[in-house]
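Listing of coords_16.csv; format and content: CSV, C-alpha atoms.
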chain,number,residue,atom,x,y,z
G,150,MET,CA,0.0,0.0,0.0
G,151,VAL,CA,1.3,3.4,-1.0
G,152,SER,CA,1.2,6.1,1.6
G,153,GLU,CA,0.4,9.6,0.4
G,154,ARG,CA,1.0,12.7,2.4
G,155,THR,CA,0.3,16.4,1.9
G,156,ASP,CA,2.3,19.2,3.6
G,157,VAL,CA,2.0,22.9,3.2
G,158,THR,CA,5.2,24.9,3.7
G,159,HIS,CA,5.2,28.7,3.9
G,160,GLY,CA,8.0,31.1,3.4
G,161,GLU,CA,10.7,31.3,0.7
G,162,GLU,CA,13.5,30.0,2.9
G,163,LYS,CA,11.5,27.1,4.3
G,164,VAL,CA,10.3,26.1,0.8
G,165,THR,CA,13.9,26.3,-0.6
G,166,ASN,CA,15.2,24.1,2.2
G,167,VAL,CA,12.4,21.4,2.0
G,168,ILE,CA,12.4,21.0,-1.8
G,169,PRO,CA,15.6,18.9,-2.1
G,170,GLN,CA,14.5,16.6,0.7
G,171,PHE,CA,11.1,16.2,-0.8
G,172,LEU,CA,12.3,15.5,-4.3
G,173,SER,CA,15.0,13.0,-3.2
G,174,LYS,CA,12.2,10.8,-1.6
G,175,ALA,CA,9.5,11.3,-4.3
G,176,GLU,CA,8.7,8.9,-7.0
G,177,ARG,CA,6.2,11.2,-8.7
G,178,VAL,CA,5.6,15.0,-8.5
G,179,ASP,CA,2.3,16.5,-9.8
G,180,SER,CA,2.4,20.3,-9.7
G,181,CYS,CA,-0.2,23.0,-10.6
G,182,ALA,CA,0.9,26.6,-10.5
G,183,ASP,CA,0.2,29.9,-12.3
G,184,HIS,CA,2.3,31.4,-15.1
G,185,LYS,CA,5.0,32.8,-12.8
G,186,ALA,CA,6.0,29.3,-11.4
G,187,ALA,CA,7.9,28.1,-14.5
G,188,SER,CA,10.3,31.1,-14.5
G,189,LEU,CA,10.8,30.7,-10.7
G,190,ALA,CA,11.5,27.0,-11.0
G,191,ILE,CA,13.7,27.0,-14.1
G,192,GLY,CA,15.2,30.5,-13.5
G,193,GLY,CA,16.9,29.2,-10.4
G,194,GLU,CA,19.9,27.3,-11.7
G,195,SER,CA,20.4,25.2,-8.6
G,196,TYR,CA,16.8,24.1,-8.6
G,197,LYS,CA,16.9,23.3,-12.3
G,198,LYS,CA,20.1,21.3,-11.8
G,199,LEU,CA,18.5,19.4,-8.9
G,200,LEU,CA,15.5,18.5,-11.1
G,201,LEU,CA,17.7,17.4,-13.9
G,202,ASP,CA,19.8,15.3,-11.6
G,203,LEU,CA,16.7,13.7,-10.0
G,204,ASN,CA,15.1,13.1,-13.3
G,205,ARG,CA,16.3,9.5,-13.2
G,206,GLY,CA,13.1,7.7,-12.3
G,207,LEU,CA,11.3,10.7,-10.9
G,208,LYS,CA,8.0,11.3,-12.9
G,209,THR,CA,7.0,14.9,-13.0
G,210,ARG,CA,3.8,16.5,-14.4
G,211,TYR,CA,3.1,20.2,-14.5
G,212,ILE,CA,-0.1,22.1,-15.1
G,213,THR,CA,0.4,25.9,-15.8
G,214,GLU,CA,-0.7,28.7,-18.0
G,215,VAL,CA,1.8,28.8,-20.9
G,216,THR,CA,2.2,32.5,-22.1
G,217,ARG,CA,4.5,34.4,-24.4
G,218,ARG,CA,6.4,35.5,-21.3
G,219,ASN,CA,7.1,32.1,-19.9
G,220,ILE,CA,7.3,29.9,-23.0
G,221,TYR,CA,11.1,29.7,-22.8
G,222,TYR,CA,10.8,28.3,-19.2
G,223,CYS,CA,8.0,25.9,-20.1
G,224,LYS,CA,10.2,24.5,-22.9
G,225,GLU,CA,13.1,24.1,-20.5
G,226,MET,CA,10.7,22.4,-18.1
G,227,MET,CA,9.8,19.9,-20.8
G,228,LYS,CA,13.4,18.7,-20.8
G,229,PHE,CA,12.9,16.9,-17.5
G,230,ALA,CA,9.1,16.7,-17.0
G,231,GLU,CA,7.1,13.8,-18.2
G,232,GLU,CA,4.2,16.1,-19.0
G,233,VAL,CA,3.6,19.9,-19.2
G,234,HIS,CA,0.0,21.0,-19.7
G,235,HIS,CA,-1.6,24.4,-20.4
G,236,ILE,CA,-4.7,25.8,-18.7
G,237,ASP,CA,-6.0,29.3,-19.6
G,238,ARG,CA,-6.1,31.9,-16.9
G,239,LEU,CA,-4.8,29.7,-14.1
G,240,SER,CA,-4.4,31.9,-11.1
G,241,SER,CA,-2.7,31.3,-7.8
G,242,SER,CA,-3.9,31.9,-4.3
G,243,TYR,CA,-0.8,33.8,-3.2
G,244,ARG,CA,0.2,37.4,-3.9

Since I need it in another form, could you write the structure as structure tokens?
Amino acid sequence: MVSERTDVTHGEEKVTNVIPQFLSKAERVDSCADHKAASLAIGGESYKKLLLDLNRGLKTRYITEVTRRNIYYCKEMMKFAEEVHHIDRLSSSYR
């Protein structure tokens, strides 16, 4: 039986610290975020390198709004993600 768990982490520093731990234990990552997320994830070289290194066996799926401003980052994301999907006018709950 597979155990699933959901945690919510707040604060940039806490999130930055928990991501490598989370990804090293994960078998699959499903992520849904607004149009800003792709540039934040891929724009950070250390995070991008971590994702590329962990790509061996880690299945990743992303749902985001693909725009003219983030298309480069979405294409970069497609290098390691199993799936990248577009949804119009996806908005986040954070400001």

(request) Tell me which of G:Arg218, G:Lys228, G:Arg210, G:Lys163 sits closest to Ser180 of chain G, counting all atoms listed in the file. (result)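 Looking at the shortest contact to Ser180 of chain G, the residue is G:Arg210.
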
(request) Quote the spacing between atom CA of Leu207 of chain G and atom CA of Asp179 of chain G in Å to one decimal place. (result)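 About the pair atom CA of Leu207 of chain G and atom CA of Asp179 of chain G: they are 10.8 Å apart.
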
(request) Might you pull out every residue within 12 Å of His234 of chain G, with only C-alpha atoms counted and same-chain residues fewer than 6 positions away left off, and present them as an MDAnalysis selection string? (result) chainID G and resid 179:184 187 209:216 220 223:224 226:227

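The gap separating atom CA of Lys174 of chain G from atom CA of Asp156 of chain G is 14.0 Å, in Å to one decimal.
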
(message) For a test of reading the model, state the distance in Å between atom CA of Lys208 of chain G and atom CA of Glu232 of chain G, rounded to one decimal.
(response)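 Interatomic distance, atom CA of Lys208 of chain G to atom CA of Glu232 of chain G: 8.6 Å.
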